[in-house]
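The structure appears right after this line, and notes come after that.
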Amino acid sequence: MSDKGAHAPEVVAFTFDNETLTGAAGRMLAAVLIAQGRRILRRSPRAEMPRGAFCLMGSCQECLVDVDGHRRLACRTSLVADMDVRRVTLE
Ligand code: FES
């Protein structure tokens, strides 16, 4: 008997700036976004340079996003179904 796929993660849908994407539930949101080719998570306030996940351990703050109306670090947030993720505009 094969147990192939017995531990496969559940694939769930979420939105990123109103675009529907999918990813493995429980995975780090930053990793899911990078895997989907979404590397720019925000723009720097003054120069408006593209910013994205850098340290992947909660230190640099470069992965700040809005998740269901709350600012979260994408590298410290696990993906769950139906998340509404948006780029943050810093002023
Ligand atoms: S990537 Fe550095 S805090 Fe998230």
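By convention in this document, the chains of the structure tokens carry letters A, B, ... by their order, each chain's residues are numbered from 1, and ligands are numbered from 1 in the order they are shown.
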
For the contact check between chain A and ligand 1, emit one row per residue of chain A within 10 Å, containing the shortest atom pair and the distance in Å rounded to one decimal, counting only C-alpha atoms and all ligand atoms, chain then rising number order, as a Markdown table.
| residue | atom | partner | partner_atom_place_in_ligand_line | distance |
| --- | --- | --- | --- | --- |
| A:Met28 | CA | ligand 1 | 4 (Fe) | 10.0 |
| A:Leu29 | CA | ligand 1 | 4 (Fe) | 9.7 |
| A:Ala30 | CA | ligand 1 | 1 (S) | 7.3 |
| A:Ala31 | CA | ligand 1 | 1 (S) | 9.6 |
| A:Arg51 | CA | ligand 1 | 1 (S) | 9.8 |
| A:Gly52 | CA | ligand 1 | 1 (S) | 7.0 |
| A:Ala53 | CA | ligand 1 | 1 (S) | 3.7 |
| A:Phe54 | CA | ligand 1 | 1 (S) | 4.3 |
| A:Cys55 | CA | ligand 1 | 2 (Fe) | 4.0 |
| A:Leu56 | CA | ligand 1 | 1 (S) | 3.7 |
| A:Met57 | CA | ligand 1 | 2 (Fe) | 5.6 |
| A:Gly58 | CA | ligand 1 | 3 (S) | 3.4 |
| A:Ser59 | CA | ligand 1 | 3 (S) | 4.4 |
| A:Cys60 | CA | ligand 1 | 2 (Fe) | 3.8 |
| A:Gln61 | CA | ligand 1 | 3 (S) | 3.8 |
| A:Glu62 | CA | ligand 1 | 2 (Fe) | 5.2 |
| A:Cys63 | CA | ligand 1 | 4 (Fe) | 4.4 |
| A:Leu64 | CA | ligand 1 | 4 (Fe) | 6.8 |
| A:Val65 | CA | ligand 1 | 4 (Fe) | 9.6 |
| A:Arg72 | CA | ligand 1 | 4 (Fe) | 9.0 |
| A:Leu73 | CA | ligand 1 | 4 (Fe) | 5.3 |
| A:Ala74 | CA | ligand 1 | 4 (Fe) | 5.8 |
| A:Cys75 | CA | ligand 1 | 4 (Fe) | 4.3 |
| A:Arg76 | CA | ligand 1 | 4 (Fe) | 6.6 |
| A:Thr77 | CA | ligand 1 | 4 (Fe) | 9.2 |

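Picture a line from atom CA of A:Phe16 to atom CA of A:Pro50; it runs 16.2 Å.
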
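Near A:Ala13, within 12 Å and counting only C-alpha atoms, sit Asn18, Glu19, Thr20, Leu21, Thr22, Gly23, Ala24, Ala25, Val32, Leu79, Val80, Ala81, Asp82, Met83, Asp84 and Val85 of chain A; same-chain residues fewer than 5 positions away were not included.
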
Could those selected residues go to a file with C-alpha atoms, as a compact mmCIF listing (two decimals), in the first residue's frame?
# COMPACT_ATOMS: atom_id res chain seq x y z
CA ASN A 18 -7.35 41.27 -5.07
CA GLU A 19 -5.69 38.59 -7.20
CA THR A 20 -6.58 35.03 -6.24
CA LEU A 21 -3.56 32.83 -5.60
CA THR A 22 -3.07 29.42 -4.03
CA GLY A 23 -0.54 28.00 -1.64
CA ALA A 24 0.02 25.30 0.93
CA ALA A 25 -1.84 25.93 4.16
CA VAL A 32 4.24 31.34 -0.67
CA LEU A 79 -1.02 30.93 5.22
CA VAL A 80 -4.64 30.09 5.93
CA ALA A 81 -7.55 29.82 3.54
CA ASP A 82 -9.25 33.00 2.35
CA MET A 83 -6.61 35.40 3.68
CA ASP A 84 -6.92 38.88 2.21
CA VAL A 85 -3.31 40.04 1.77

Among the residues of chain A, find those DSSP assigns to alpha helix (DSSP H) from the backbone and print them as an mmCIF file with C-alpha atoms, in the first residue's frame.
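part.cif, written as the output of this step:
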data_model
loop_
_atom_site.group_PDB
_atom_site.id
_atom_site.type_symbol
_atom_site.label_atom_id
_atom_site.label_comp_id
_atom_site.auth_asym_id
_atom_site.auth_seq_id
_atom_site.Cartn_x
_atom_site.Cartn_y
_atom_site.Cartn_z
ATOM 1 C CA LEU A 29 3.216 33.587 3.727
ATOM 2 C CA ALA A 30 6.444 35.202 2.483
ATOM 3 C CA ALA A 31 7.600 31.891 0.991
ATOM 4 C CA VAL A 32 4.238 31.337 -0.669
ATOM 5 C CA LEU A 33 4.334 34.811 -2.226
ATOM 6 C CA ILE A 34 7.925 34.360 -3.429
ATOM 7 C CA ALA A 35 7.005 30.980 -4.929
#

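The spacing separating atom CA of A:Pro9 from atom CA of A:Val88 amounts to 28.3 Å.
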
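Atom pair atom CA of A:Ser44 / atom CA of A:Gly26 has a distance of 28.4 Å (rounded to one decimal).
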